[in-house]
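As stored in work.cif (mmCIF, C-alpha atoms):
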```cif
data_data
loop_
_atom_site.label_atom_id
_atom_site.label_comp_id
_atom_site.auth_asym_id
_atom_site.auth_seq_id
_atom_site.Cartn_x
_atom_site.Cartn_y
_atom_site.Cartn_z
CA MET A 5 84.78 112.33 118.47
CA VAL A 6 86.97 111.33 115.56
CA LEU A 7 90.70 111.92 115.77
CA TYR A 8 92.18 113.54 112.61
CA LEU A 9 88.70 113.64 111.08
CA ASP A 10 89.41 116.32 108.46
CA GLU A 11 92.62 114.63 107.37
CA PHE A 12 90.88 111.28 106.98
CA VAL A 13 87.90 112.47 104.94
CA ALA A 14 90.27 114.44 102.70
CA SER A 15 92.37 111.33 102.03
CA LYS A 16 91.95 108.93 99.14
CA GLU A 17 90.85 106.20 101.56
CA GLY A 18 88.35 108.28 103.51
CA LYS A 19 86.72 110.44 100.86
CA ASN A 20 83.74 108.09 100.49
CA TYR A 21 83.07 107.80 104.23
CA SER A 22 82.41 111.37 105.36
CA THR A 23 78.78 110.58 106.20
CA VAL A 24 79.93 107.61 108.30
CA MET A 25 82.34 109.76 110.31
CA ILE A 26 79.71 112.45 110.95
CA ARG A 27 77.76 109.89 113.01
CA PHE A 28 80.67 109.79 115.49
CA LYS A 29 81.85 113.41 115.25
CA ASN A 30 79.99 114.92 118.23
CA LEU A 31 80.22 112.03 120.69
CA ASP A 32 81.98 112.44 124.03
CA LYS A 33 84.35 109.53 123.36
CA TYR A 34 86.88 109.03 120.60
CA LEU A 35 85.86 106.44 118.03
CA HIS A 36 89.11 104.49 118.33
CA ASP A 37 88.65 104.23 122.13
CA MET A 38 85.20 102.61 121.84
CA ASP A 39 84.65 98.88 121.94
CA ALA A 40 82.79 96.87 119.31
CA ASP A 41 79.50 96.87 121.26
CA GLU A 42 79.49 100.66 121.57
CA ILE A 43 80.25 101.20 117.86
CA TYR A 44 77.74 98.59 116.74
CA GLY A 45 75.06 100.13 118.93
CA ILE A 46 75.57 103.46 117.16
CA ILE A 47 75.55 102.13 113.59
CA ALA A 48 72.81 99.51 113.98
CA ASP A 49 69.58 100.88 112.57
CA GLY A 50 67.86 97.70 111.32
CA ASN A 51 69.11 98.20 107.77
CA THR A 52 71.68 95.51 106.95
CA ARG A 53 73.11 97.44 104.02
CA ASN A 54 73.68 100.53 106.15
CA ILE A 55 75.26 98.49 108.93
CA ARG A 56 77.75 97.06 106.49
CA TRP A 57 78.45 100.47 104.97
CA TYR A 58 79.15 102.01 108.36
CA LEU A 59 81.28 99.02 109.35
CA LEU A 60 83.38 99.41 106.21
CA GLY A 61 83.82 103.10 106.92
CA VAL A 62 84.82 102.56 110.54
CA THR A 63 87.28 99.74 109.76
CA CYS A 64 88.80 101.79 106.94
CA TYR A 65 89.28 104.69 109.36
CA LEU A 66 90.81 102.47 112.06
CA ARG A 67 93.32 101.02 109.59
CA TRP A 68 94.13 104.49 108.26
CA LEU A 69 94.60 105.80 111.82
CA TYR A 70 96.96 102.95 112.65
CA ILE A 71 99.13 103.08 109.54
CA ASN A 72 99.39 106.89 109.49
CA HIS A 73 99.39 107.80 113.19
CA GLY A 74 100.30 104.62 115.05
CA PHE A 75 97.07 104.14 117.03
CA LYS A 76 96.70 100.40 117.43
CA PRO A 77 93.13 99.09 116.93
CA LYS A 78 94.00 95.84 118.74
CA ASP A 79 91.13 93.38 118.13
CA LEU A 80 88.56 96.06 117.35
CA ILE A 81 88.43 95.50 113.59
CA ARG A 82 88.00 91.75 114.01
CA ASN A 83 85.37 92.18 116.72
CA LEU A 84 83.36 94.58 114.54
CA SER A 85 83.52 92.16 111.63
CA GLU A 86 82.27 89.32 113.82
CA LYS A 87 79.41 91.50 115.04
CA THR A 88 77.97 91.73 111.54
CA GLY A 89 79.12 88.38 110.20
CA TRP A 90 81.62 89.77 107.70
CA SER A 91 84.93 88.52 109.02
CA ASP A 92 88.09 89.91 107.48
CA PRO A 93 90.03 86.90 106.06
CA GLY A 94 93.49 88.50 105.98
CA PHE A 95 95.30 85.35 104.82
CA PHE A 96 98.91 86.44 104.51
CA ILE A 97 102.19 84.68 103.83
CA HIS A 98 104.68 86.36 106.11
CA SER A 99 107.94 85.37 104.41
CA TYR A 100 109.39 83.65 101.36
CA ASP A 101 110.19 80.64 103.56
CA GLU A 102 106.52 80.38 104.54
CA LEU A 103 105.55 80.54 100.85
CA ILE A 104 107.86 77.62 100.06
CA ALA A 105 106.52 75.65 103.04
CA GLU A 106 102.93 76.14 101.84
CA ILE A 107 103.87 75.06 98.31
CA ASP A 108 105.63 71.94 99.64
CA ILE A 109 102.43 70.99 101.48
CA CYS A 110 100.52 71.21 98.20
CA MET A 111 103.13 69.19 96.32
CA ASN A 112 102.95 66.41 98.91
CA ASP A 113 99.13 66.36 98.95
CA GLU A 114 97.92 63.11 97.37
CA ARG A 115 94.95 65.00 95.91
CA ASN A 116 97.39 66.74 93.57
CA ALA A 117 98.83 63.52 92.17
CA GLY A 118 99.23 63.80 88.41
CA ARG A 119 99.07 67.60 88.39
CA ASP A 120 101.81 69.70 86.81
CA LEU A 121 103.14 70.89 90.17
CA GLU A 122 106.40 72.36 88.90
CA ARG A 123 104.42 74.66 86.65
CA PHE A 124 102.23 75.62 89.61
CA ARG A 125 105.32 76.38 91.70
CA CYS A 126 106.71 78.53 88.87
CA ILE A 127 103.48 80.56 88.74
CA CYS A 128 103.69 81.08 92.52
CA MET A 129 107.23 82.43 92.09
CA LEU A 130 106.09 84.82 89.36
CA LYS A 131 103.28 86.03 91.61
CA TRP A 132 105.78 86.50 94.46
CA LEU A 133 107.77 88.70 92.07
CA MET A 134 104.50 90.64 91.74
CA LEU A 135 103.92 90.13 88.01
CA SER A 136 100.32 90.62 86.96
CA GLN A 137 98.49 87.74 85.33
CA GLU A 138 98.72 89.48 81.94
CA GLU A 139 102.47 89.92 82.42
CA ILE A 140 102.91 86.26 83.38
CA ILE A 141 101.33 84.92 80.20
CA SER A 142 103.40 87.32 78.07
CA VAL A 143 106.78 85.98 79.27
CA ARG A 144 108.46 83.76 76.66
CA LEU A 145 111.12 81.15 77.24
CA CYS A 146 113.70 83.42 75.64
CA ASP A 147 112.79 86.18 78.13
CA VAL A 148 114.01 84.14 81.13
CA LYS A 149 117.72 84.63 81.87
CA GLU A 150 119.83 83.35 84.76
CA ASP A 151 118.98 86.17 87.16
CA ARG A 152 116.27 88.22 85.50
CA ILE A 153 113.08 88.09 83.50
CA TYR A 154 112.21 90.47 80.69
CA VAL A 155 108.47 91.17 80.63
CA PRO A 156 107.50 92.06 77.04
CA LEU A 157 103.98 93.22 77.88
CA THR A 158 105.21 96.12 80.02
CA ASP A 159 108.76 96.36 78.62
CA ARG A 160 110.42 95.97 82.01
CA THR A 161 113.03 93.69 83.55
CA VAL A 162 112.47 91.95 86.90
CA GLU A 163 115.47 90.77 88.91
CA MET A 164 115.28 87.27 90.43
CA PRO A 165 116.92 86.20 93.71
CA ASP A 166 118.91 82.98 93.34
CA GLU A 167 116.35 80.73 95.03
CA ILE A 168 113.50 81.98 92.83
CA ALA A 169 115.66 81.88 89.69
CA THR A 170 116.44 78.21 90.33
CA ILE A 171 112.74 77.27 90.42
CA ILE A 172 111.81 79.31 87.36
CA LEU A 173 114.83 78.13 85.32
CA ASN A 174 114.02 74.51 86.21
CA HIS A 175 110.53 74.99 84.86
CA LYS A 176 111.91 76.67 81.73
CA LEU A 177 113.83 73.46 80.97
CA GLN A 178 111.03 71.13 82.05
CA LYS A 179 109.37 68.79 79.60
CA ALA A 180 105.65 68.18 79.89
CA PRO A 181 104.99 65.62 82.66
CA TYR A 182 104.45 61.99 81.69
CA ASP A 183 100.79 61.20 82.33
CA GLY A 184 101.30 57.47 82.97
CA VAL A 185 100.17 56.50 79.49
CA ARG A 186 102.21 58.51 76.99
CA MET A 187 104.83 61.19 76.76
CA LYS A 188 103.50 64.72 76.38
CA THR A 189 105.04 67.86 74.96
CA TYR A 190 104.38 71.52 75.57
CA LYS A 191 103.01 73.38 72.56
CA GLN A 192 103.92 77.05 73.22
CA ASP A 193 107.12 79.08 73.47
CA THR A 194 105.87 80.98 76.54
CA LEU A 195 107.21 80.19 80.02
CA ILE A 196 103.77 79.01 81.14
CA ARG A 197 102.85 76.30 78.66
CA THR A 198 100.24 73.61 78.11
CA THR A 199 100.04 70.47 76.02
CA LYS A 200 97.12 71.91 74.08
CA GLY A 201 97.63 73.78 70.84
CA GLU A 202 95.96 77.07 71.66
CA SER A 203 97.73 80.10 73.12
CA VAL A 204 97.87 80.57 76.88
CA ILE A 205 95.45 83.28 78.02
CA VAL A 206 94.45 84.60 81.45
CA LYS A 207 91.64 82.04 81.69
CA THR A 208 94.17 79.27 81.01
CA LEU A 209 96.35 80.60 83.81
CA HIS A 210 93.41 80.58 86.20
CA ASN A 211 92.54 77.00 85.26
CA ILE A 212 96.13 75.87 85.78
CA PHE A 213 96.33 77.55 89.17
CA TYR A 214 92.94 76.69 90.63
CA GLN A 215 93.03 72.99 89.83
CA ILE A 216 95.67 72.57 92.54
CA LYS A 217 94.39 71.73 96.03
CA LYS A 218 95.97 74.27 98.37
CA SER A 219 95.55 76.40 101.46
CA ARG A 220 93.82 79.78 101.38
CA LYS A 221 97.19 81.44 101.87
CA LEU A 222 98.06 80.30 98.35
CA MET A 223 94.97 81.71 96.70
CA TYR A 224 96.14 83.49 93.56
CA LYS A 225 95.62 87.07 94.70
CA ASN A 226 96.97 86.50 98.21
CA ILE A 227 100.49 85.61 97.02
CA GLY A 228 101.08 88.95 95.27
CA ILE A 229 99.51 90.91 98.12
CA SER A 230 101.63 89.02 100.67
CA ALA A 231 104.79 89.74 98.67
CA ALA A 232 103.99 93.45 98.62
CA CYS A 233 103.34 93.44 102.37
CA CYS A 234 106.64 91.65 103.06
CA LYS A 235 108.56 94.20 100.96
CA LEU A 236 106.95 97.07 102.86
CA TRP A 237 107.64 95.39 106.20
CA GLU A 238 111.31 94.97 105.25
CA LEU A 239 111.43 98.67 104.41
CA GLU A 240 109.80 99.60 107.71
CA GLN A 241 112.39 97.59 109.64
CA THR A 242 115.09 99.88 108.22
CA GLY A 243 113.49 102.82 110.07
CA VAL A 244 111.26 104.14 107.29
CA THR A 245 107.78 105.13 108.47
CA ILE A 246 105.17 103.60 106.16
CA THR A 247 102.11 105.77 105.51
CA THR A 248 99.52 105.89 102.75
CA SER A 249 101.75 108.37 100.90
CA THR A 250 104.93 106.26 101.06
CA PRO A 251 106.10 105.93 97.43
CA LEU A 252 106.59 102.16 97.55
CA LEU A 253 103.11 101.60 99.05
CA VAL A 254 101.57 103.87 96.41
CA HIS A 255 103.48 101.96 93.71
CA PHE A 256 102.21 98.60 94.95
CA CYS A 257 98.63 99.93 95.14
CA ASN A 258 98.94 100.81 91.45
CA THR A 259 100.71 97.68 90.24
CA VAL A 260 99.86 94.68 92.46
CA GLU A 261 96.51 93.08 91.70
CA GLY A 262 94.04 93.58 94.54
CA PHE A 263 96.51 95.29 96.89
CA CYS A 264 95.47 98.33 98.94
CA PHE A 265 96.76 100.12 102.03
CA ASN A 266 94.28 98.20 104.22
CA ASP A 267 96.14 94.99 103.40
CA TYR A 268 99.39 96.36 104.76
CA ALA A 269 97.66 97.77 107.83
CA ASP A 270 96.28 94.30 108.62
CA PHE A 271 99.62 92.65 107.86
CA ARG A 272 101.44 95.14 110.08
CA ILE A 273 99.06 94.48 112.96
CA SER A 274 99.54 90.72 112.64
CA MET A 275 103.33 91.14 112.66
CA LYS A 276 103.23 93.45 115.69
CA GLN A 277 100.98 91.06 117.59
CA GLY A 278 103.30 88.24 116.76
#
```

Written as structure tokens, how would this file's structure read?
Amino acid sequence: MVLYLDEFVASKEGKNYSTVMIRFKNLDKYLHDMDADEIYGIIADGNTRNIRWYLLGVTCYLRWLYINHGFKPKDLIRNLSEKTGWSDPGFFIHSYDELIAEIDICMNDERNAGRDLERFRCICMLKWLMLSQEEIISVRLCDVKEDRIYVPLTDRTVEMPDEIATIILNHKLQKAPYDGVRMKTYKQDTLIRTTKGESVIVKTLHNIFYQIKKSRKLMYKNIGISAACCKLWELEQTGVTITTSTPLLVHFCNTVEGFCFNDYADFRISMKQG
């Protein structure tokens, strides 16, 4: 049996998994009460592609059930992923303080000697403010004020907390790092600059970011997703019930690169389990 089956398959998240849910519809036991061995035994048919498809459908349902109706999947999602070899990474930063701690580790890593680490830290702050990569490269020096950033690409203003403003303003005033041989200068009037003459594009941003040796928590996409999860968690602690139709969650799904309701479901579980 599948609890809230009709509601799930009619939802945005479940509309592609109706055939998966039918497999469990007429069983004597609820899907969310099964263990990983029982579920795997039902979906395993010798076809690896089908196993993965059914696993994705089941895990999507379990997350949806938890975030909308409070049924806790415990370790079931992880156990199912391990059964088929597709573990769910779920690398989250759980607070701004943890973000800063992770960045400090990178900045003290000898492998990053000679890298423009202040620029890297500034990009992390912009990602924590949930700017898209296209928005980041559009911000000019003149767009950065003491407590806010104007984003010309999307014609919006983003407020900056004091601690983030300090880091971004420091980078705004920064000269290109001395490379040990000669003084360098930045060539652009954008906030994210290089010492090369060409304009900064998304590929440039990726190159700047990925040359830094860092933990998986600081992978580019994970920072923005973690920030969205932390904002939702703060909202939930005020007594608001977060579901897939919560306006802020819907907004983040539409604006934060790579973010979906499954990310918050996993984040929420990790916070609940401590």

Could you please give me, as JSON, numbers by chain, the residues of protein, DNA or RNA lying at most 12 Å from (109.2, 99.2, 106.2) in the coordinate frame of the file, considering all atoms listed in the file?
{"A": [71, 232, 233, 234, 235, 236, 237, 238, 239, 240, 241, 242, 243, 244, 245, 246, 247, 250, 251, 252, 253, 268, 269, 271, 272, 275]}

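For Asn116 (chain A), the list of residues within 12 Å, based on only C-alpha atoms and with local chain neighbours fewer than 5 positions off taken out, reads Ile107, Asp108, Ile109, Cys110, Met111, Leu121, Glu122, Phe124, Phe213, Tyr214, Gln215, Ile216, Lys217 and Lys218 of chain A.
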
Computed gap from CA of Ala105 (chain A) to CA of Val204 (chain A) is 28.0 Å

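Distances from A:Glu167, A:Asp41, A:Asp10, A:Asp267 to Asp101 (chain A) were compared using only C-alpha atoms, and the smallest one belongs to A:Glu167.
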
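Take the candidates A:Thr23, A:Asn72, A:Thr194, A:Asn266 and check each one against Trp57 (chain A) using all atoms listed in the file; the shortest distance goes to A:Thr23.
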
Interatomic distance, CA of Cys128 (chain A) to CA of Asn211 (chain A) (Å, one decimal):
13.9 Å

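Residues matched by the PyMOL selection byres ((chain A and resi 201) around 6) in this file: Lys191, Lys200 and Glu202 of chain A.
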
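Excluding region 148-164 of chain A itself and same-chain residues fewer than 3 positions from it, the residues having an atom within 10 Å of it are Met129, Leu130, Leu133, Met134, Leu135, Glu138, Glu139, Ile140, Ile141, Ser142, Val143, Arg144, Leu145, Glu167, Ile168, Ala169, Thr170, Ile172, Leu173, Lys176, Thr194 and Leu195 of chain A, counting all atoms listed in the file.
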
Point-to-point distance from CA of Tyr100 (chain A) to CA of Ile127 (chain A), Å rounded to tenths:
14.3 Å

Matched chain/residue IDs from the PyMOL selection byres ((chain A and resi 59) around 9), as number ranges by chain
A: 24, 43-44, 47, 54-58, 60-64, 84-85, 88

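The closest residue to Thr259 (chain A), picked from A:His210, A:Ala117, A:Met187, A:Ser136 and counting all atoms listed in the file, is A:Ser136.
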
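Remark: for Gly118 (chain A), the closest of the candidate residues A:Ala180, A:Ile97, A:Leu103, A:Ile171 is A:Ala180 (distances computed over all atoms listed in the file).
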
Residue members of the PyMOL selection byres ((chain A and resi 11) around 12) in the file shown, as a list in words:
Val6, Leu7, Tyr8, Leu9, Asp10, Phe12, Val13, Ala14, Ser15, Lys16, Glu17, Gly18, Lys19, Ser22, Met25, Tyr65, Trp68, Leu69, Asn72 and His73 of chain A

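Of the listed residues (A:Val254, A:Leu35, A:Ala231, A:Cys126), A:Cys126 comes nearest to Ile212 (chain A); the distances count only C-alpha atoms.
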
Tell me, as a ChimeraX atom specification, which residues lie within 12 Å of Thr189 (chain A), counting only C-alpha atoms; anything in the same chain fewer than 6 positions away does not count.
/A:178-183,197-201

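Among the candidates A:Ile104, A:Lys76, A:Gln137, A:Met223, the one nearest to Val206 (chain A) when counting all atoms listed in the file is A:Gln137.
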